[in-house]
Number of protein chains: 4
Amino acid sequence: MAGSSFGQQFRITTWGESHGPALGVVIDGVPAGVPIIEEDIQRFLNRRKPGQSKYTTARAEGDQVEILSGVFEGKTTGTPISLMVRNKDQHSKDYSNIAEVYRPGHADFTFQEKYGIRDYRGGGRSSGRETIGRVAAGAIAVKILEQLGISIVTYSKKIGPVEAQTIDYGEIFQNPLYMPDAQAAEEAGKYLEECISEKNSAGGVIECVVSGMPVGIGETVFEKLDANLAKAILSIGAVKGFEIGDGFQVADSTGAENNDSFCMSGEKPVKLTNHSGGVLGGMSDGSDIVFRAAVKPTPSIARSQKTVDIFGEEKEIEITGRHDPVIVPRAVVVVESMAALTIVDALFSNLSSKMDSVISFYKDDK
Amino acid sequence: MAGSSFGQQFRITTWGESHGPALGVVIDGVPAGVPIIEEDIQRFLNRRKPGQSKYTTARAEGDQVEILSGVFEGKTTGTPISLMVRNKDQHSKDYSNIAEVYRPGHADFTFQEKYGIRDYRGGGRSSGRETIGRVAAGAIAVKILEQLGISIVTYSKKIGPVEAQTIDYGEIFQNPLYMPDAQAAEEAGKYLEECISEKNSAGGVIECVVSGMPVGIGETVFEKLDANLAKAILSIGAVKGFEIGDGFQVADSTGAENNDSFCMSGEKPVKLTNHSGGVLGGMSDGSDIVFRAAVKPTPSIARSQKTVDIFGEEKEIEITGRHDPVIVPRAVVVVESMAALTIVDALFSNLSSKMDSVISFYKDDK
Amino acid sequence: MAGSSFGQQFRITTWGESHGPALGVVIDGVPAGVPIIEEDIQRFLNRRKPGQSKYTTARAEGDQVEILSGVFEGKTTGTPISLMVRNKDQHSKDYSNIAEVYRPGHADFTFQEKYGIRDYRGGGRSSGRETIGRVAAGAIAVKILEQLGISIVTYSKKIGPVEAQTIDYGEIFQNPLYMPDAQAAEEAGKYLEECISEKNSAGGVIECVVSGMPVGIGETVFEKLDANLAKAILSIGAVKGFEIGDGFQVADSTGAENNDSFCMSGEKPVKLTNHSGGVLGGMSDGSDIVFRAAVKPTPSIARSQKTVDIFGEEKEIEITGRHDPVIVPRAVVVVESMAALTIVDALFSNLSSKMDSVISFYKDDK
Amino acid sequence: MAGSSFGQQFRITTWGESHGPALGVVIDGVPAGVPIIEEDIQRFLNRRKPGQSKYTTARAEGDQVEILSGVFEGKTTGTPISLMVRNKDQHSKDYSNIAEVYRPGHADFTFQEKYGIRDYRGGGRSSGRETIGRVAAGAIAVKILEQLGISIVTYSKKIGPVEAQTIDYGEIFQNPLYMPDAQAAEEAGKYLEECISEKNSAGGVIECVVSGMPVGIGETVFEKLDANLAKAILSIGAVKGFEIGDGFQVADSTGAENNDSFCMSGEKPVKLTNHSGGVLGGMSDGSDIVFRAAVKPTPSIARSQKTVDIFGEEKEIEITGRHDPVIVPRAVVVVESMAALTIVDALFSNLSSKMDSVISFYKDDK
């Protein structure tokens, strides 16, 4: 089944394997008139690029994006935008050790069982490089949101057991772990060095905050904004959990604590608190949308693990080569991208909610 | 935008408001030849019906289902199945106190802002009664799974702060809270009575376990099995979080702990542990699928809350009438239904994964 | 596969068999604030109702519609609208003669082969009664179009070999064949009486004209307005052809004849002719949309036909009972409904075409 | 709205403008294990390439395809296949004469109105070059059909007023017009030379025949096989009509003539005639699928035409440069591609029609 598209009105389709000729994305449903240059997209891709620090792999991947369609004289034209990043050195490495063995924590086994064949070079389609298409598209979604006065901030809330104690947006880009707390970032760094020395890896939690949302975005029942955010976030390879607002803490809370009271702020009703995380009944409620993603530890570790091969033999495997000791920092921009893509689609889908708005649109148009 | 459908190959469309004439669902894409009688569906609906115990509302809602199409001589015919439940007494109550006031924790405000109009009688479309369609459809999905040797067990893992310490499937239907631990159920019952006496309410956590899954179900990238489960579960009104396998605990784990090693079980590779919760790379890995949903406390509480009305006046509101002190027990069957619907769709979408299978299918067919 | 839904932003899902308990439709994505009463829908249903004249079957089908959801205090609320029509006397007839025999020109054979089972009572899902859901939904689509100043006129252009020579809109509802030419209607009536006396049936052509369309409706490439109209119209049971504008006559035309020149009409560019039928590049061009549907002769005829039964025996069959000698007049409102449904979906999908419009929408909204 | 994708289970997404850097397609939902090499795709692209004869434009477009993903060691892997063709010389020409003027019969006006901006270089997204993606994808669809014993033949049935009198499949690739009748091809050639000398252009009709279809392919109601074929074919730029089987001739036919009787052929029921064109009730009936597309004359003609410009000035325009005097021959492979894409999607969607088949699939799988 076709499974590489996301979104309805605003839809992306990604393609590409880690060691094929290239990876890319087609973004369809972009309104005409959005100013876009390659630099906008490159800046996003650079945030997920390897080799940014000692905590990320040092492979020299350039990841230069090329705009192949949909942009004319610096603006989108309403037609699909095709973006591509060429892979470098895709034939150079020796994959004989993993070609026939299922790496624990990876999708080798499930790919082989589902398809009877798999591109075993570096994870193929299930590699982290698959997120290049998401991030390139996310850059365009963020451009659209900016024009609507909506902004997104995303950061590492937790690296292994080390949690950010303060949320200082200004700090996020000052440390290689994208943490909003300098001291936590330093501690997390030490923790990661331990992991490396022990041939082990760490997980973490990413938090995302969306500000400036209009009220009522998201559709009732199945196309709820939080439901689509959950899908978007769980579709990222290493994510094992999603929560919005108070999330799993609601289990221990009570109605009196968890309900957000309303008051008036000028002529607008606003919530006094934000336990809901910015959605009520699946629709944005005017408060910041706040959600978190749990990211599992990097499955590629250098210590010996038990496994089996494609012939049914039990084996031991050590995954050598350079691997990030933690996925979280590079996944921050992926989470931000998926959030942006989800919200843009929801904003466009909302345009026909009221008959009066539709009448106004076409009256002005005539 | 149309937001009341779920699924691609196997798709449900729900409709109905809590106090309109009826609620229902259309289930499209059901294979021909599945034996279905109204009793199968009624049994599921009875699990979510109010008035089952002192912890659920005592309204005398019969919720009798009627099969309107798609079943002939006791079997599905391949055409859409329409199921309907009539609402009783939908005109009887006085809603003047909530018609113009936004209840905290409810979707009154967002509905009003999005649509400029709302059916204020008992929550309208955002009422818990909306789940009748999901559960009626879920009964059919579970029938399909049974024929494929796949079974689902769902229970209240936690009610307020009280967590089940043992998981005894035999106990689940023995207590009104659907907990798998008799002692925890008793403690939770006491906790709920406190909540009632304090005009307050409780949240909780639901856990769902799917056994007997073939390997490789779920599509790569966006239509991952866990991504669609997350969407399905977050689309349920009061759910604020979803996690699969170790979920948010992966943040504190390490690769060495979190990776599940493989070994051989007869001729099949199996995992030695199940930290993954039964999915690798978005595809089922042969272990049980294990996920949890965080459910917020019932927002309707009898104590006074601050809010505003549709005219912009600040108000106090007390939500009288009978309301469940906790949503969790009645949501258990809703979670189970959404899981079943998601998995059936994924199973059908998987049928064209290998060219060889498609060739066999049509060769046999000719 | 789920095949009973049509549309993306504005989507209908139909259900029901000719002799099951009921038939109906769920209409999802209707904007809030459209005034709707049962009378609006009933008027449309009455146009397809049997027993309107001697050329349509005389069965006493009431076809009374019931609104089950989505309308509150006379207006749509933005939630799905469920409409239902109960079947009468669905158990009364003896179907033993067709239960095991494939009627020529009907879908009995293909249903049996695809599903291995079929509801043989009066055609089941492939009966003309399946269009009840389409027409009920079409009534709502037409209401939406009216509010946007868009109108649709549909009529029998040709009944058997008798073609309307003049197009007089005022005449359409004056004759039972819905022809826009009184004299042609009379001749066609005579032709149909011959058909009846010869135990035979007639085909025809339906024409539909949509006026008042804004320019630019329809999406480029696959979601072209004419492509979706073609799908909508071919999805009607007996339709075997679709053409827009000059249609099949373009084969004999030349570029110089077929191209429509532009001129200015006040401040607006308009076309001097309308060979295109109101679409250029799949988008509405401001001229009337004009298309035609070819409708096959009623397959149920009383004369003896060769066929086979489900056991592989060759048989002779005579299809007795009352059947329309021509499908065309009752299909007129079905064609109109499908056109309206297609256009409403296209109008809503178009709302996000320009970034400037989206910015205006949300600026006004804040 | 996203409008550049086609298909559900088997879905293509095309992108690219005539004078942008490249054009391409992503094909998602291809089963694993289909042997594919670039040569397979190139052969299809060569059939639509310009410069094949004096009746097609002589521009030296290489149209070399590159496979960027989804194929590994000569076989599909189940992941999306990305195909790209680089445009040559995209910056060389002077478009000042058409940048501000609406060409009659082209989509310049509708693009400008819908988006407020357009890529005016050679038609941009509405250029015939947009079909490169369709044809590249079509090559893969045809490969899949071959493996299932299904074959497609497509040809020019009519060029201008000249219609093929005989259908000789062996002749189709022997003449540059892809006509199945050598003598008609010769006459049509003469007619086209007249058109060229008169600065005019011709239309025509393409016929497509699909053999070897299993029975029951296509879904009931909206996803009928013929409905999706109609959409697929009308989505091709210059097509103005679609008919299947007897098509528009059914209007003049009678039930006795139009119904296809059944008889037994060995153990299988077959139709004695094929007025239906291979579909009954929207599902394949085992006979050849036979449909036709009406193609309008090339709108680009060298003679002077009246039009207006984007500033609202009335103008005269002569479209110079080399343009095909007829679109039909190069559109033959586009029609074939769209038919193949539609049928593959329908075949995959059909796999879950019977519960017994699904049970067998997963029993074998376990």
# chains A, B, ... in the order shown; residues from 1 in each chain; ligands from 1

call {"tool": "select_by_dssp", "arguments": {"residues": "range 57-274 of chain A", "states": "strand (DSSP E or B)", "output": "tab-separated table (two decimals) with N, CA, C and O atoms, in the first residue's frame"}}
result
chain	number	residue	atom	x	y	z
A	65	VAL	N	20.22	20.77	-0.85
A	65	VAL	CA	18.90	20.59	-1.45
A	65	VAL	C	18.83	21.28	-2.81
A	65	VAL	O	19.48	22.31	-3.04
A	66	GLU	N	18.05	20.71	-3.71
A	66	GLU	CA	17.79	21.32	-5.02
A	66	GLU	C	16.28	21.44	-5.21
A	66	GLU	O	15.55	20.48	-4.95
A	67	ILE	N	15.82	22.62	-5.61
A	67	ILE	CA	14.39	22.81	-5.91
A	67	ILE	C	14.17	22.46	-7.38
A	67	ILE	O	14.75	23.09	-8.25
A	71	VAL	N	8.46	26.42	-7.97
A	71	VAL	CA	8.87	27.77	-7.55
A	71	VAL	C	9.32	28.51	-8.80
A	71	VAL	O	10.10	27.98	-9.59
A	72	PHE	N	8.80	29.70	-9.00
A	72	PHE	CA	9.11	30.47	-10.21
A	72	PHE	C	9.36	31.91	-9.80
A	72	PHE	O	8.53	32.51	-9.10
A	75	LYS	N	8.90	32.60	-6.04
A	75	LYS	CA	7.63	32.38	-5.35
A	75	LYS	C	7.01	31.05	-5.75
A	75	LYS	O	7.19	30.58	-6.88
A	76	THR	N	6.23	30.49	-4.84
A	76	THR	CA	5.50	29.27	-5.18
A	76	THR	C	4.40	29.62	-6.19
A	76	THR	O	3.86	30.73	-6.19
A	81	ILE	N	5.90	21.18	-5.39
A	81	ILE	CA	7.31	21.52	-5.22
A	81	ILE	C	8.08	20.22	-5.00
A	81	ILE	O	7.77	19.46	-4.09
A	82	SER	N	9.05	19.97	-5.86
A	82	SER	CA	9.87	18.77	-5.73
A	82	SER	C	11.24	19.18	-5.22
A	82	SER	O	11.89	20.04	-5.80
A	83	LEU	N	11.67	18.56	-4.13
A	83	LEU	CA	12.97	18.85	-3.52
A	83	LEU	C	13.79	17.57	-3.48
A	83	LEU	O	13.26	16.51	-3.18
A	84	MET	N	15.08	17.70	-3.78
A	84	MET	CA	15.94	16.51	-3.82
A	84	MET	C	17.27	16.79	-3.16
A	84	MET	O	17.82	17.88	-3.28
A	85	VAL	N	17.78	15.77	-2.47
A	85	VAL	CA	19.14	15.80	-1.92
A	85	VAL	C	19.85	14.55	-2.44
A	85	VAL	O	19.36	13.43	-2.24
A	86	ARG	N	20.96	14.74	-3.09
A	86	ARG	CA	21.74	13.61	-3.60
A	86	ARG	C	22.49	12.93	-2.45
A	86	ARG	O	23.03	13.62	-1.58
A	101	VAL	N	21.91	-10.18	8.59
A	101	VAL	CA	21.64	-10.30	10.02
A	101	VAL	C	20.64	-9.22	10.44
A	101	VAL	O	20.69	-8.10	9.97
A	151	SER	N	4.07	30.61	15.25
A	151	SER	CA	5.48	30.23	15.41
A	151	SER	C	5.61	28.94	16.20
A	151	SER	O	4.75	28.61	17.01
A	152	ILE	N	6.69	28.22	15.94
A	152	ILE	CA	6.93	26.94	16.61
A	152	ILE	C	8.31	26.95	17.24
A	152	ILE	O	9.28	27.38	16.60
A	153	VAL	N	8.39	26.50	18.48
A	153	VAL	CA	9.68	26.31	19.14
A	153	VAL	C	9.75	24.86	19.60
A	153	VAL	O	8.79	24.35	20.18
A	154	THR	N	10.88	24.21	19.33
A	154	THR	CA	11.04	22.80	19.68
A	154	THR	C	12.41	22.61	20.31
A	154	THR	O	13.37	23.28	19.90
A	155	TYR	N	12.47	21.73	21.30
A	155	TYR	CA	13.76	21.55	21.99
A	155	TYR	C	13.80	20.20	22.69
A	155	TYR	O	12.78	19.52	22.84
A	156	SER	N	15.01	19.83	23.09
A	156	SER	CA	15.20	18.61	23.86
A	156	SER	C	14.82	18.90	25.30
A	156	SER	O	15.49	19.66	25.98
A	157	LYS	N	13.75	18.29	25.74
A	157	LYS	CA	13.29	18.50	27.11
A	157	LYS	C	14.09	17.63	28.06
A	157	LYS	O	14.33	17.99	29.21
A	158	LYS	N	14.50	16.48	27.54
A	158	LYS	CA	15.17	15.51	28.39
A	158	LYS	C	16.13	14.69	27.53
A	158	LYS	O	15.76	14.28	26.42
A	159	ILE	N	17.37	14.50	28.04
A	159	ILE	CA	18.33	13.62	27.36
A	159	ILE	C	18.70	12.56	28.39
A	159	ILE	O	19.27	12.89	29.43
A	162	VAL	N	18.50	13.28	32.21
A	162	VAL	CA	18.73	14.70	32.50
A	162	VAL	C	17.63	15.56	31.89
A	162	VAL	O	17.52	15.66	30.66
A	163	GLU	N	16.85	16.22	32.72
A	163	GLU	CA	15.73	17.01	32.24
A	163	GLU	C	16.02	18.50	32.36
A	163	GLU	O	16.62	18.95	33.35
A	202	ALA	N	21.51	6.67	24.52
A	202	ALA	CA	20.50	7.28	25.39
A	202	ALA	C	19.26	7.67	24.61
A	202	ALA	O	19.31	7.93	23.41
A	204	GLY	N	15.34	10.06	25.16
A	204	GLY	CA	15.01	11.39	25.65
A	204	GLY	C	13.60	11.81	25.29
A	204	GLY	O	12.80	11.01	24.79
A	205	VAL	N	13.31	13.07	25.58
A	205	VAL	CA	11.98	13.62	25.31
A	205	VAL	C	12.14	14.96	24.59
A	205	VAL	O	12.97	15.79	24.98
A	206	ILE	N	11.36	15.14	23.55
A	206	ILE	CA	11.35	16.41	22.81
A	206	ILE	C	10.04	17.12	23.11
A	206	ILE	O	8.98	16.49	23.14
A	207	GLU	N	10.10	18.42	23.32
A	207	GLU	CA	8.88	19.21	23.56
A	207	GLU	C	8.72	20.24	22.44
A	207	GLU	O	9.71	20.81	21.97
A	208	CYS	N	7.48	20.47	22.06
A	208	CYS	CA	7.19	21.41	20.96
A	208	CYS	C	6.06	22.34	21.39
A	208	CYS	O	5.07	21.90	21.97
A	209	VAL	N	6.26	23.64	21.14
A	209	VAL	CA	5.28	24.65	21.54
A	209	VAL	C	4.90	25.48	20.32
A	209	VAL	O	5.76	26.07	19.66
A	210	VAL	N	3.61	25.52	20.03
A	210	VAL	CA	3.12	26.28	18.87
A	210	VAL	C	2.31	27.47	19.38
A	210	VAL	O	1.32	27.30	20.10
A	211	SER	N	2.73	28.67	19.00
A	211	SER	CA	2.06	29.88	19.47
A	211	SER	C	1.39	30.63	18.33
A	211	SER	O	1.86	30.60	17.20
A	239	VAL	N	10.21	7.29	17.70
A	239	VAL	CA	9.29	7.82	18.71
A	239	VAL	C	8.39	6.71	19.26
A	239	VAL	O	7.81	5.94	18.51
A	240	LYS	N	8.27	6.64	20.57
A	240	LYS	CA	7.48	5.59	21.22
A	240	LYS	C	6.31	6.15	22.03
A	240	LYS	O	5.54	5.38	22.63
A	241	GLY	N	6.19	7.48	22.12
A	241	GLY	CA	5.09	8.03	22.88
A	241	GLY	C	4.80	9.47	22.49
A	241	GLY	O	5.69	10.18	22.00
A	242	PHE	N	3.55	9.87	22.68
A	242	PHE	CA	3.10	11.24	22.39
A	242	PHE	C	2.17	11.65	23.51
A	242	PHE	O	1.29	10.88	23.91
A	243	GLU	N	2.34	12.87	24.00
A	243	GLU	CA	1.35	13.38	24.95
A	243	GLU	C	1.18	14.87	24.73
A	243	GLU	O	2.10	15.57	24.31
A	244	ILE	N	-0.03	15.36	25.01
A	244	ILE	CA	-0.35	16.77	24.79
A	244	ILE	C	-0.85	17.36	26.10
A	244	ILE	O	-1.54	16.69	26.88
A	254	THR	N	-7.28	15.50	38.86
A	254	THR	CA	-8.74	15.46	39.04
A	254	THR	C	-9.37	16.49	38.11
A	254	THR	O	-8.68	17.39	37.60
A	262	PHE	N	-12.18	29.57	32.02
A	262	PHE	CA	-12.12	30.67	31.04
A	262	PHE	C	-12.27	32.01	31.74
A	262	PHE	O	-12.97	32.12	32.77
A	263	CYS	N	-11.65	33.04	31.18
A	263	CYS	CA	-11.95	34.41	31.59
A	263	CYS	C	-11.90	35.27	30.33
A	263	CYS	O	-11.60	34.76	29.24
A	264	MET	N	-12.22	36.54	30.45
A	264	MET	CA	-12.15	37.41	29.28
A	264	MET	C	-10.80	38.14	29.27
A	264	MET	O	-10.33	38.62	30.30
A	265	SER	N	-10.20	38.22	28.09
A	265	SER	CA	-9.00	39.04	27.91
A	265	SER	C	-9.36	40.04	26.83
A	265	SER	O	-9.33	39.72	25.64
A	268	LYS	N	-11.87	38.84	24.05
A	268	LYS	CA	-11.71	37.43	23.71
A	268	LYS	C	-11.72	36.53	24.94
A	268	LYS	O	-11.04	36.82	25.91
A	269	PRO	N	-12.45	35.41	24.87
A	269	PRO	CA	-12.35	34.43	25.95
A	269	PRO	C	-10.98	33.76	25.88
A	269	PRO	O	-10.53	33.39	24.79
A	270	VAL	N	-10.33	33.63	27.01
A	270	VAL	CA	-9.06	32.90	27.05
A	270	VAL	C	-9.07	31.98	28.27
A	270	VAL	O	-9.86	32.17	29.19
A	271	LYS	N	-8.19	31.01	28.23
A	271	LYS	CA	-8.09	30.07	29.35
A	271	LYS	C	-7.12	30.60	30.40
A	271	LYS	O	-6.09	31.19	30.06

call {"tool": "interface_residues", "arguments": {"of": "chain C", "to": "chain B", "cutoff": "9 Å", "atoms": "only C-alpha atoms", "output": "ChimeraX atom specification"}}
result
/C:1-5,7-17,20-33,67-73,75-82,114-119,125,348

call {"tool": "atom_distance", "arguments": {"atom1": "CA of Pro299 in chain C", "atom2": "CA of Ile167 in chain C"}}
result
28.6 Å
